[in-house]
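Data file: query.cif. Format and content: mmCIF, C-alpha atoms and all ligand atoms.
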```cif
data_target
#
loop_
_atom_site.group_PDB
_atom_site.id
_atom_site.type_symbol
_atom_site.label_atom_id
_atom_site.label_comp_id
_atom_site.auth_asym_id
_atom_site.auth_seq_id
_atom_site.Cartn_x
_atom_site.Cartn_y
_atom_site.Cartn_z
ATOM 1 C CA MET A 18 0.000 0.000 0.000
ATOM 2 C CA SER A 19 1.271 3.482 -0.793
ATOM 3 C CA ALA A 20 2.084 5.873 2.026
ATOM 4 C CA PRO A 21 -0.568 8.400 2.987
ATOM 5 C CA ALA A 22 0.031 11.841 1.489
ATOM 6 C CA ILE A 23 0.021 13.252 4.992
ATOM 7 C CA ARG A 24 0.294 11.460 8.293
ATOM 8 C CA ILE A 25 -0.089 13.315 11.568
ATOM 9 C CA ALA A 26 0.113 11.249 14.744
ATOM 10 C CA GLY A 27 -0.252 12.425 18.341
ATOM 11 C CA VAL A 28 0.894 15.956 17.563
ATOM 12 C CA ARG A 29 1.058 18.495 20.383
ATOM 13 C CA LYS A 30 2.402 22.019 20.388
ATOM 14 C CA ARG A 31 2.271 24.592 23.162
ATOM 15 C CA TYR A 32 3.016 28.277 23.136
ATOM 16 C CA GLY A 33 3.576 28.898 26.845
ATOM 17 C CA GLN A 34 0.327 27.891 28.527
ATOM 18 C CA LEU A 35 -1.592 27.815 25.261
ATOM 19 C CA LYS A 36 -2.166 24.415 23.665
ATOM 20 C CA ALA A 37 -2.101 25.356 19.990
ATOM 21 C CA LEU A 38 -2.192 21.658 18.955
ATOM 22 C CA ASP A 39 -3.630 19.358 21.569
ATOM 23 C CA GLY A 40 -3.184 15.809 20.278
ATOM 24 C CA ILE A 41 -3.886 15.727 16.546
ATOM 25 C CA ASP A 42 -4.217 12.437 14.653
ATOM 26 C CA LEU A 43 -4.990 12.766 10.976
ATOM 27 C CA GLU A 44 -4.249 10.969 7.746
ATOM 28 C CA VAL A 45 -4.855 12.341 4.280
ATOM 29 C CA GLN A 46 -4.684 9.775 1.484
ATOM 30 C CA GLN A 47 -3.053 10.394 -1.875
ATOM 31 C CA GLY A 48 -5.413 12.021 -4.367
ATOM 32 C CA GLU A 49 -7.772 13.491 -1.782
ATOM 33 C CA PHE A 50 -9.104 17.045 -1.798
ATOM 34 C CA PHE A 51 -9.110 17.564 1.931
ATOM 35 C CA GLY A 52 -10.522 20.470 3.923
ATOM 36 C CA LEU A 53 -9.050 21.673 7.205
ATOM 37 C CA LEU A 54 -11.608 23.937 8.816
ATOM 38 C CA GLY A 55 -11.863 25.701 12.121
ATOM 39 C CA PRO A 56 -12.450 29.086 13.699
ATOM 40 C CA ASN A 57 -9.636 31.631 14.115
ATOM 41 C CA GLY A 58 -6.957 30.282 16.400
ATOM 42 C CA ALA A 59 -7.997 26.619 16.038
ATOM 43 C CA GLY A 60 -4.445 25.632 15.062
ATOM 44 C CA LYS A 61 -4.661 25.236 11.273
ATOM 45 C CA THR A 62 -1.700 27.445 10.406
ATOM 46 C CA THR A 63 0.400 25.955 13.201
ATOM 47 C CA LEU A 64 -0.291 22.480 11.830
ATOM 48 C CA ILE A 65 0.611 23.535 8.285
ATOM 49 C CA SER A 66 3.791 25.178 9.439
ATOM 50 C CA ALA A 67 4.744 21.996 11.341
ATOM 51 C CA LEU A 68 4.128 20.001 8.156
ATOM 52 C CA ALA A 69 6.432 22.315 6.237
ATOM 53 C CA GLY A 70 9.103 21.833 8.912
ATOM 54 C CA LEU A 71 8.946 25.495 9.947
ATOM 55 C CA THR A 72 7.577 24.836 13.431
ATOM 56 C CA ARG A 73 8.868 22.096 15.714
ATOM 57 C CA VAL A 74 6.124 20.274 17.577
ATOM 58 C CA ASP A 75 6.559 19.191 21.211
ATOM 59 C CA GLU A 76 5.221 15.676 20.704
ATOM 60 C CA GLY A 77 4.106 13.396 17.898
ATOM 61 C CA GLU A 78 5.090 12.770 14.304
ATOM 62 C CA LEU A 79 4.316 14.260 10.926
ATOM 63 C CA ALA A 80 5.151 12.765 7.553
ATOM 64 C CA VAL A 81 4.613 13.793 3.934
ATOM 65 C CA MET A 82 4.411 10.924 1.420
ATOM 66 C CA GLY A 83 6.036 8.680 4.017
ATOM 67 C CA HIS A 84 8.907 11.065 4.802
ATOM 68 C CA ASP A 85 9.187 12.249 8.387
ATOM 69 C CA VAL A 86 9.274 16.051 8.467
ATOM 70 C CA VAL A 87 12.108 16.086 11.012
ATOM 71 C CA ALA A 88 14.229 12.973 10.359
ATOM 72 C CA ASP A 89 13.815 13.196 6.592
ATOM 73 C CA TYR A 90 13.290 16.925 6.256
ATOM 74 C CA ARG A 91 14.593 17.469 2.735
ATOM 75 C CA GLN A 92 12.516 14.721 1.137
ATOM 76 C CA ALA A 93 9.417 15.676 3.108
ATOM 77 C CA ARG A 94 9.811 19.319 2.058
ATOM 78 C CA ARG A 95 10.293 18.392 -1.593
ATOM 79 C CA LYS A 96 7.007 16.517 -1.598
ATOM 80 C CA LEU A 97 5.094 19.489 -0.239
ATOM 81 C CA GLY A 98 4.014 22.773 -1.796
ATOM 82 C CA VAL A 99 2.637 25.353 0.615
ATOM 83 C CA VAL A 100 0.638 28.413 -0.356
ATOM 84 C CA PRO A 101 0.936 30.554 2.756
ATOM 85 C CA GLN A 102 -1.718 32.836 4.155
ATOM 86 C CA GLU A 103 0.454 35.914 4.311
ATOM 87 C CA LEU A 104 1.619 37.791 1.252
ATOM 88 C CA VAL A 105 5.349 38.091 1.836
ATOM 89 C CA PHE A 106 7.641 38.870 -1.060
ATOM 90 C CA ASP A 107 10.880 40.476 -1.890
ATOM 91 C CA PRO A 108 9.595 43.546 -3.750
ATOM 92 C CA PHE A 109 12.686 43.896 -5.909
ATOM 93 C CA PHE A 110 12.297 40.701 -7.885
ATOM 94 C CA SER A 111 10.200 40.168 -10.962
ATOM 95 C CA VAL A 112 7.700 37.318 -10.953
ATOM 96 C CA ARG A 113 10.005 35.127 -13.030
ATOM 97 C CA GLU A 114 13.014 35.900 -10.836
ATOM 98 C CA ALA A 115 11.036 35.024 -7.722
ATOM 99 C CA LEU A 116 10.055 31.692 -9.247
ATOM 100 C CA ARG A 117 13.633 30.954 -10.367
ATOM 101 C CA LEU A 118 14.854 31.762 -6.887
ATOM 102 C CA GLN A 119 12.291 29.431 -5.371
ATOM 103 C CA SER A 120 13.381 26.697 -7.799
ATOM 104 C CA GLY A 121 16.945 27.294 -6.616
ATOM 105 C CA TYR A 122 15.912 26.578 -3.006
ATOM 106 C CA PHE A 123 15.014 23.102 -4.163
ATOM 107 C CA GLY A 124 18.206 22.732 -6.157
ATOM 108 C CA ILE A 125 16.352 22.863 -9.472
ATOM 109 C CA ARG A 126 18.066 24.716 -12.309
ATOM 110 C CA ARG A 127 16.771 25.433 -15.809
ATOM 111 C CA ASN A 128 13.164 25.242 -14.663
ATOM 112 C CA ASP A 129 11.848 27.802 -17.177
ATOM 113 C CA THR A 130 9.707 25.443 -19.230
ATOM 114 C CA TRP A 131 7.755 24.427 -16.139
ATOM 115 C CA ILE A 132 7.701 28.004 -14.837
ATOM 116 C CA ASP A 133 6.176 29.146 -18.137
ATOM 117 C CA GLU A 134 3.567 26.430 -17.890
ATOM 118 C CA ILE A 135 2.592 27.456 -14.371
ATOM 119 C CA LEU A 136 2.495 31.140 -15.341
ATOM 120 C CA ALA A 137 0.210 30.358 -18.275
ATOM 121 C CA SER A 138 -2.113 28.202 -16.160
ATOM 122 C CA LEU A 139 -2.446 30.933 -13.569
ATOM 123 C CA ASP A 140 -2.941 33.601 -16.219
ATOM 124 C CA LEU A 141 0.231 35.313 -15.091
ATOM 125 C CA ALA A 142 2.329 35.042 -18.249
ATOM 126 C CA HIS A 143 1.868 38.729 -19.084
ATOM 127 C CA LYS A 144 3.223 39.636 -15.642
ATOM 128 C CA ALA A 145 6.321 37.451 -15.810
ATOM 129 C CA ASP A 146 8.671 40.430 -15.982
ATOM 130 C CA ALA A 147 6.683 42.739 -13.744
ATOM 131 C CA ASN A 148 8.151 43.665 -10.435
ATOM 132 C CA MET A 149 6.473 42.037 -7.475
ATOM 133 C CA ARG A 150 5.733 45.392 -5.872
ATOM 134 C CA MET A 151 3.731 46.447 -8.935
ATOM 135 C CA LEU A 152 1.244 43.582 -8.628
ATOM 136 C CA SER A 153 -2.220 43.782 -7.143
ATOM 137 C CA GLY A 154 -3.063 41.659 -4.108
ATOM 138 C CA GLY A 155 -4.868 39.090 -6.232
ATOM 139 C CA MET A 156 -1.924 38.803 -8.624
ATOM 140 C CA LYS A 157 0.466 38.382 -5.711
ATOM 141 C CA ARG A 158 -1.682 35.567 -4.446
ATOM 142 C CA ARG A 159 -1.370 33.826 -7.804
ATOM 143 C CA VAL A 160 2.401 34.174 -7.556
ATOM 144 C CA LEU A 161 2.240 32.487 -4.146
ATOM 145 C CA VAL A 162 0.439 29.571 -5.764
ATOM 146 C CA ALA A 163 3.033 29.487 -8.545
ATOM 147 C CA GLN A 164 5.852 29.500 -5.986
ATOM 148 C CA ALA A 165 4.337 26.531 -4.211
ATOM 149 C CA LEU A 166 4.367 24.574 -7.471
ATOM 150 C CA VAL A 167 7.865 25.215 -8.868
ATOM 151 C CA HIS A 168 9.241 21.914 -7.574
ATOM 152 C CA ARG A 169 6.210 19.894 -8.759
ATOM 153 C CA PRO A 170 5.177 18.685 -5.310
ATOM 154 C CA PRO A 171 2.635 15.842 -5.163
ATOM 155 C CA VAL A 172 1.015 17.345 -2.056
ATOM 156 C CA ILE A 173 -0.214 20.938 -2.044
ATOM 157 C CA VAL A 174 -1.406 22.763 1.051
ATOM 158 C CA LEU A 175 -3.271 26.019 0.640
ATOM 159 C CA ASP A 176 -3.765 28.184 3.717
ATOM 160 C CA GLU A 177 -6.742 30.429 2.997
ATOM 161 C CA PRO A 178 -5.755 31.077 -0.606
ATOM 162 C CA THR A 179 -8.871 33.042 -1.446
ATOM 163 C CA ALA A 180 -8.918 35.480 1.470
ATOM 164 C CA GLY A 181 -9.518 38.913 -0.044
ATOM 165 C CA VAL A 182 -9.562 37.596 -3.591
ATOM 166 C CA ASP A 183 -12.209 38.714 -6.079
ATOM 167 C CA VAL A 184 -14.798 36.327 -7.491
ATOM 168 C CA GLU A 185 -13.215 35.959 -10.915
ATOM 169 C CA LEU A 186 -9.780 35.101 -9.608
ATOM 170 C CA ARG A 187 -11.295 32.760 -7.061
ATOM 171 C CA GLN A 188 -13.099 30.834 -9.790
ATOM 172 C CA GLY A 189 -9.945 30.679 -11.904
ATOM 173 C CA LEU A 190 -7.864 29.559 -8.975
ATOM 174 C CA TRP A 191 -10.275 26.768 -8.118
ATOM 175 C CA GLN A 192 -10.398 25.595 -11.685
ATOM 176 C CA PHE A 193 -6.632 25.313 -11.654
ATOM 177 C CA ILE A 194 -6.446 23.604 -8.238
ATOM 178 C CA ARG A 195 -9.168 21.173 -9.311
ATOM 179 C CA ARG A 196 -7.152 20.299 -12.385
ATOM 180 C CA LEU A 197 -4.087 19.657 -10.240
ATOM 181 C CA ASN A 198 -6.229 17.363 -8.097
ATOM 182 C CA ARG A 199 -7.545 15.522 -11.156
ATOM 183 C CA ASP A 200 -3.956 15.092 -12.315
ATOM 184 C CA GLY A 201 -3.278 13.220 -9.089
ATOM 185 C CA HIS A 202 -2.086 15.904 -6.681
ATOM 186 C CA THR A 203 -3.292 15.716 -3.117
ATOM 187 C CA ILE A 204 -4.819 19.007 -2.009
ATOM 188 C CA VAL A 205 -5.266 20.229 1.546
ATOM 189 C CA LEU A 206 -7.192 23.430 1.909
ATOM 190 C CA THR A 207 -7.979 25.706 4.803
ATOM 191 C CA THR A 208 -10.632 28.299 4.239
ATOM 192 C CA HIS A 209 -13.253 30.309 6.062
ATOM 193 C CA TYR A 210 -15.490 30.136 2.981
ATOM 194 C CA LEU A 211 -17.466 27.055 3.890
ATOM 195 C CA GLU A 212 -19.296 27.022 0.587
ATOM 196 C CA GLU A 213 -15.971 26.533 -1.166
ATOM 197 C CA ALA A 214 -15.006 23.707 1.144
ATOM 198 C CA GLN A 215 -18.386 22.069 0.589
ATOM 199 C CA THR A 216 -18.092 22.042 -3.188
ATOM 200 C CA LEU A 217 -14.388 21.230 -3.416
ATOM 201 C CA CYS A 218 -13.422 18.885 -0.593
ATOM 202 C CA ASN A 219 -14.209 15.176 -0.514
ATOM 203 C CA ARG A 220 -13.288 14.939 3.166
ATOM 204 C CA ILE A 221 -13.127 17.453 5.954
ATOM 205 C CA ALA A 222 -11.548 17.767 9.377
ATOM 206 C CA MET A 223 -12.827 20.426 11.743
ATOM 207 C CA LEU A 224 -10.449 21.756 14.359
ATOM 208 C CA LYS A 225 -11.278 23.568 17.547
ATOM 209 C CA ALA A 226 -8.743 24.690 20.145
ATOM 210 C CA GLY A 227 -6.054 22.395 18.770
ATOM 211 C CA ARG A 228 -8.210 19.266 18.539
ATOM 212 C CA VAL A 229 -9.970 17.469 15.708
ATOM 213 C CA VAL A 230 -13.660 17.688 16.618
ATOM 214 C CA ALA A 231 -15.109 16.241 13.389
ATOM 215 C CA LEU A 232 -13.587 14.128 10.634
ATOM 216 C CA ASP A 233 -15.629 12.595 7.859
ATOM 217 C CA THR A 234 -16.518 12.745 4.193
ATOM 218 C CA THR A 235 -18.241 15.979 3.230
ATOM 219 C CA ASP A 236 -21.387 14.025 2.322
ATOM 220 C CA ASN A 237 -21.531 12.280 5.682
ATOM 221 C CA LEU A 238 -20.992 15.513 7.567
ATOM 222 C CA LEU A 239 -23.804 17.146 5.619
ATOM 223 C CA ALA A 240 -26.121 14.194 6.187
ATOM 224 C CA ARG A 241 -25.318 13.896 9.867
ATOM 225 C CA PHE A 242 -25.723 17.473 10.962
ATOM 226 C CA ALA A 243 -27.925 19.236 8.498
ATOM 227 C CA SER A 244 -31.221 18.287 6.959
ATOM 228 C CA ARG A 245 -33.101 19.444 3.920
ATOM 229 C CA VAL A 246 -35.911 21.784 4.688
ATOM 230 C CA LEU A 247 -38.986 22.979 2.830
ATOM 231 C CA ARG A 248 -39.954 26.567 3.582
ATOM 232 C CA VAL A 249 -43.413 27.684 2.638
ATOM 233 C CA ARG A 250 -45.230 30.961 3.163
ATOM 234 C CA LEU A 251 -48.930 30.388 3.666
ATOM 235 C CA SER A 252 -51.757 32.816 2.899
ATOM 236 C CA ALA A 253 -53.378 32.096 6.238
ATOM 237 C CA PRO A 254 -52.097 30.314 9.336
ATOM 238 C CA VAL A 255 -52.932 26.627 9.606
ATOM 239 C CA GLY A 256 -52.369 24.233 12.513
ATOM 240 C CA LEU A 257 -49.033 22.461 12.103
ATOM 241 C CA ASP A 258 -49.777 19.208 13.914
ATOM 242 C CA PHE A 259 -50.369 17.320 10.675
ATOM 243 C CA LEU A 260 -46.839 18.145 9.431
ATOM 244 C CA PRO A 261 -44.230 16.215 11.433
ATOM 245 C CA GLY A 262 -41.330 18.399 12.551
ATOM 246 C CA ALA A 263 -42.860 21.603 11.167
ATOM 247 C CA ARG A 264 -42.167 24.872 12.946
ATOM 248 C CA ASP A 265 -43.426 28.403 12.622
ATOM 249 C CA ALA A 266 -40.531 30.482 11.251
ATOM 250 C CA GLY A 267 -42.357 33.829 11.573
ATOM 251 C CA HIS A 268 -43.873 36.230 9.016
ATOM 252 C CA GLY A 269 -46.180 33.504 7.700
ATOM 253 C CA TRP A 270 -43.311 31.101 6.932
ATOM 254 C CA VAL A 271 -43.344 27.477 8.010
ATOM 255 C CA GLU A 272 -40.266 25.239 7.965
ATOM 256 C CA ILE A 273 -40.650 21.517 7.465
ATOM 257 C CA PRO A 274 -37.626 19.204 7.528
ATOM 258 C CA PHE A 275 -37.509 16.261 5.142
ATOM 259 C CA GLU A 276 -35.092 13.628 3.924
ATOM 260 C CA SER A 277 -36.106 12.752 0.386
ATOM 261 C CA TYR A 278 -37.790 14.839 -2.291
ATOM 262 C CA GLY A 279 -40.594 12.282 -2.532
ATOM 263 C CA GLU A 280 -41.915 13.650 0.765
ATOM 264 C CA VAL A 281 -42.373 17.170 -0.572
ATOM 265 C CA GLU A 282 -45.403 16.343 -2.693
ATOM 266 C CA ASP A 283 -47.067 14.715 0.288
ATOM 267 C CA MET A 284 -46.394 17.756 2.482
ATOM 268 C CA LEU A 285 -47.883 20.114 -0.085
ATOM 269 C CA SER A 286 -51.027 18.022 -0.510
ATOM 270 C CA ARG A 287 -51.473 17.904 3.272
ATOM 271 C CA ILE A 288 -51.284 21.686 3.386
ATOM 272 C CA ARG A 289 -53.855 21.929 0.594
ATOM 273 C CA LEU A 290 -56.214 19.485 2.345
ATOM 274 C CA THR A 291 -56.272 21.657 5.478
ATOM 275 C CA GLY A 292 -57.207 24.669 3.369
ATOM 276 C CA GLY A 293 -53.738 26.235 3.367
ATOM 277 C CA GLN A 294 -52.524 28.096 0.289
ATOM 278 C CA VAL A 295 -48.858 28.285 -0.568
ATOM 279 C CA GLU A 296 -47.831 31.814 -1.594
ATOM 280 C CA ASP A 297 -44.108 31.293 -1.703
ATOM 281 C CA MET A 298 -41.807 28.310 -1.426
ATOM 282 C CA VAL A 299 -38.076 27.678 -0.986
ATOM 283 C CA LEU A 300 -36.175 24.408 -0.804
ATOM 284 C CA GLY A 301 -33.174 24.570 1.491
ATOM 285 C CA GLU A 302 -30.310 22.154 0.906
ATOM 286 C CA PRO A 303 -28.056 21.147 3.794
ATOM 287 C CA ASP A 304 -25.037 23.397 3.978
ATOM 288 C CA LEU A 305 -21.678 23.128 5.619
ATOM 289 C CA GLU A 306 -22.140 26.314 7.567
ATOM 290 C CA LYS A 307 -24.925 24.705 9.614
ATOM 291 C CA VAL A 308 -22.772 21.627 10.110
ATOM 292 C CA PHE A 309 -19.854 23.782 11.209
ATOM 293 C CA MET A 310 -21.957 25.748 13.685
ATOM 294 C CA GLY A 311 -23.427 22.488 15.019
ATOM 295 C CA VAL A 312 -20.037 20.841 15.465
ATOM 296 C CA MET A 313 -18.468 23.899 17.101
ATOM 297 C CA HIS A 314 -21.422 24.231 19.460
ATOM 298 C CA GLU A 315 -21.296 20.561 20.504
ATOM 299 C CA ALA A 316 -17.515 20.311 20.869
HETATM 300 N N1 LIG B 401 4.388 32.060 17.411
HETATM 301 C C1 LIG B 401 3.358 32.006 18.257
HETATM 302 N N2 LIG B 401 3.509 32.380 19.540
HETATM 303 C C2 LIG B 401 2.483 32.325 20.405
HETATM 304 N N3 LIG B 401 1.236 31.901 20.098
HETATM 305 C C3 LIG B 401 1.031 31.519 18.842
HETATM 306 C C4 LIG B 401 2.057 31.546 17.838
HETATM 307 N N4 LIG B 401 1.549 31.092 16.668
HETATM 308 C C5 LIG B 401 0.251 30.798 16.918
HETATM 309 N N5 LIG B 401 -0.074 31.047 18.201
HETATM 310 C C6 LIG B 401 -1.365 30.801 18.839
HETATM 311 O O1 LIG B 401 -1.728 29.450 18.588
HETATM 312 C C7 LIG B 401 -3.121 29.332 18.325
HETATM 313 C C8 LIG B 401 -3.350 28.685 16.969
HETATM 314 O O2 LIG B 401 -3.013 29.615 15.958
HETATM 315 P P1 LIG B 401 -3.111 29.306 14.394
HETATM 316 O O3 LIG B 401 -2.544 30.485 13.681
HETATM 317 O O4 LIG B 401 -2.519 27.977 14.131
HETATM 318 O O5 LIG B 401 -4.683 29.238 14.194
HETATM 319 P P2 LIG B 401 -5.513 29.172 12.821
HETATM 320 O O6 LIG B 401 -6.480 28.069 12.996
HETATM 321 O O7 LIG B 401 -4.584 29.123 11.688
HETATM 322 O O8 LIG B 401 -6.275 30.572 12.853
HETATM 323 P P3 LIG B 401 -6.737 31.529 11.619
HETATM 324 O O9 LIG B 401 -8.000 30.941 11.080
HETATM 325 O O10 LIG B 401 -6.962 32.830 12.313
HETATM 326 O O11 LIG B 401 -5.622 31.577 10.626
HETATM 327 C C9 LIG B 401 -3.694 30.735 18.431
HETATM 328 O O12 LIG B 401 -4.251 30.903 19.721
HETATM 329 C C10 LIG B 401 -2.482 31.622 18.226
HETATM 330 O O13 LIG B 401 -2.655 32.850 18.897
#
```

Using the file provided, produce a representation of the structure as structure tokens.
Ligand SMILES: Nc1ncnc2c1ncn2[C@@H]1O[C@H](COP(=O)(O)OP(=O)(O)OP(=O)(O)O)[C@@H](O)[C@H]1O
Amino acid sequence: MSAPAIRIAGVRKRYGQLKALDGIDLEVQQGEFFGLLGPNGAGKTTLISALAGLTRVDEGELAVMGHDVVADYRQARRKLGVVPQELVFDPFFSVREALRLQSGYFGIRRNDTWIDEILASLDLAHKADANMRMLSGGMKRRVLVAQALVHRPPVIVLDEPTAGVDVELRQGLWQFIRRLNRDGHTIVLTTHYLEEAQTLCNRIAMLKAGRVVALDTTDNLLARFASRVLRVRLSAPVGLDFLPGARDAGHGWVEIPFESYGEVEDMLSRIRLTGGQVEDMVLGEPDLEKVFMGVMHEA
């Protein structure tokens, strides 16, 4: 069996009294599109920086593609591309120079063919010779993605890559990341945009105060914590006893949970039989935000 893309076992990290990572066990398999979610301060960035070998943990082990991040640092680092949260650049380099420099860190020379390919994929080719300080925030973020890819890592970790990024760039970025995933790259993503995580990630871990408080496939998380709901606005109030689980949502709206769409027809005919008239109707799908709130509240 091939090694997991990422293996995190019994990891603890303190900053003084604060337990930033409080016993994390997590495996991400090769080819996954994995979401790492959690409120501010949950420990996501600390975990990523430990994976990249930038932060030493107090206890536990981390490995990338089977390479321990401490004992086998160079190999582990080569297998990993990290898109950091912060935009930090040397303002005096051009985009191409920055990417060549990054290639140099990994001992790769004559990397221009691949660099050109990355620049084209990220729609950055026309900025190749522009100075970093001349780029907009969104462009800089694309360069960060490019930098993470110069050494063709099989595992790519993105720490809030779309924070402060406009809709168009976000869409383009996701298209590109999805393609990398289809090509076999393992993707780990942290984001506060839960909608993005819901559509992109096949599996999700939720962190709170340095612990994993939920870990499952996105579908299972959605099914476990959030239900579908039919919202109807009625012309006149009707008793709700005949609709199991229904609740008055105010302003004439009634919310009725259901599991399969087959039930909706039955609900509507029951409303009609009691003399109720539907004036407006909305079908609510389960969403990750509800799941997230539920998990954080329970944990
Ligand atoms: N160098 C440090 N020194 C002291 N405390 C730190 C340090 N780095 C992180 N912390 C603390 O560790 C905890 C975890 O921080 P971390 O940045 O990993 O959270 P996060 O989940 O990435 O949050 P965000 O969503 O805001 O990026 C926080 O309470 C943070 O204040």

Long-range neighbours of region 177-189 of chain A as a tab-separated table (two decimals) with C-alpha atoms, in the coordinates of the input, 7 Å cut-off, all atoms listed in the file, 2 positions minimum in chain:
```tsv
chain	number	residue	atom	x	y	z
A	100	VAL	CA	0.64	28.41	-0.36
A	102	GLN	CA	-1.72	32.84	4.16
A	155	GLY	CA	-4.87	39.09	-6.23
A	175	LEU	CA	-3.27	26.02	0.64
A	191	TRP	CA	-10.28	26.77	-8.12
A	192	GLN	CA	-10.40	25.60	-11.68
A	193	PHE	CA	-6.63	25.31	-11.65
A	207	THR	CA	-7.98	25.71	4.80
A	208	THR	CA	-10.63	28.30	4.24
```

For this session: Name all residues at most 12 Å from Gln92 (chain A) (count all atoms listed in the file; drop same-chain ones fewer than 5 positions away) and give them as number ranges by chain.
Result: A: 69-70, 80-87, 97, 123, 168, 170-171

Limited to C-alpha atoms, could you put the picked residues into a file as a compact mmCIF listing (two decimals), keeping the file's coordinate frame?
```
# COMPACT_ATOMS: atom_id res chain seq x y z
CA ALA A 69 6.43 22.32 6.24
CA GLY A 70 9.10 21.83 8.91
CA ALA A 80 5.15 12.76 7.55
CA VAL A 81 4.61 13.79 3.93
CA MET A 82 4.41 10.92 1.42
CA GLY A 83 6.04 8.68 4.02
CA HIS A 84 8.91 11.06 4.80
CA ASP A 85 9.19 12.25 8.39
CA VAL A 86 9.27 16.05 8.47
CA VAL A 87 12.11 16.09 11.01
CA LEU A 97 5.09 19.49 -0.24
CA PHE A 123 15.01 23.10 -4.16
CA HIS A 168 9.24 21.91 -7.57
CA PRO A 170 5.18 18.68 -5.31
CA PRO A 171 2.64 15.84 -5.16
```

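With all atoms listed in the file taken into account, the protein and nucleic acid residues at most 9 Å from Ile132 (chain A) (excluding it and anything under 2 positions from it in its own chain) are Arg113, Leu116, Arg117, Asn128, Asp129, Thr130, Glu134, Ile135, Leu136, Ala137, Ala163, Leu166 and Val167 of chain A.
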
For this session: Between A:Cys218, A:Ile194, A:Val271, A:Ile204, single out the one closest to Gly48 (chain A), counting only C-alpha atoms.
Result: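 Residue with the minimum atom-to-atom distance to Gly48 (chain A): A:Ile204.
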
For this session: Might you pull out every residue within 6 Å of region 39-41 of chain A, with all atoms listed in the file counted and same-chain residues fewer than 2 positions away left off, and present them as a count of residues only?
Result: 6

So that I can see what lies close to Ile25 (chain A), please list as an mmCIF file with C-alpha atoms, in the frame of the given file the residues with an atom at most 7 Å from it, counting only C-alpha atoms and leaving out residues fewer than 5 positions away in the same chain.
```
data_model
loop_
_atom_site.group_PDB
_atom_site.id
_atom_site.type_symbol
_atom_site.label_atom_id
_atom_site.label_comp_id
_atom_site.auth_asym_id
_atom_site.auth_seq_id
_atom_site.Cartn_x
_atom_site.Cartn_y
_atom_site.Cartn_z
ATOM 1 C CA ILE A 41 -3.886 15.727 16.546
ATOM 2 C CA ASP A 42 -4.217 12.437 14.653
ATOM 3 C CA LEU A 43 -4.990 12.766 10.976
ATOM 4 C CA GLU A 44 -4.249 10.969 7.746
ATOM 5 C CA GLU A 78 5.090 12.770 14.304
ATOM 6 C CA LEU A 79 4.316 14.260 10.926
ATOM 7 C CA ALA A 80 5.151 12.765 7.553
#
```

Expected selection as a compact mmCIF listing (two decimals) with C-alpha atoms, keeping the file's coordinate frame for ligand LIG 401 (chain B) within 7 Å, all atoms listed in the file:
```
# COMPACT_ATOMS: atom_id res chain seq x y z
CA TYR A 32 3.02 28.28 23.14
CA LEU A 35 -1.59 27.82 25.26
CA ALA A 37 -2.10 25.36 19.99
CA GLY A 55 -11.86 25.70 12.12
CA PRO A 56 -12.45 29.09 13.70
CA ASN A 57 -9.64 31.63 14.12
CA GLY A 58 -6.96 30.28 16.40
CA ALA A 59 -8.00 26.62 16.04
CA GLY A 60 -4.44 25.63 15.06
CA LYS A 61 -4.66 25.24 11.27
CA THR A 62 -1.70 27.44 10.41
CA THR A 63 0.40 25.96 13.20
CA LEU A 64 -0.29 22.48 11.83
```

Problem set entry | Distance criterion (all atoms listed in the file): nearest to Glu306 (chain A) out of A:Leu257, A:Leu211, A:Leu197, A:Leu152 |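 Closest to Glu306 (chain A) of all the choices is A:Leu211.
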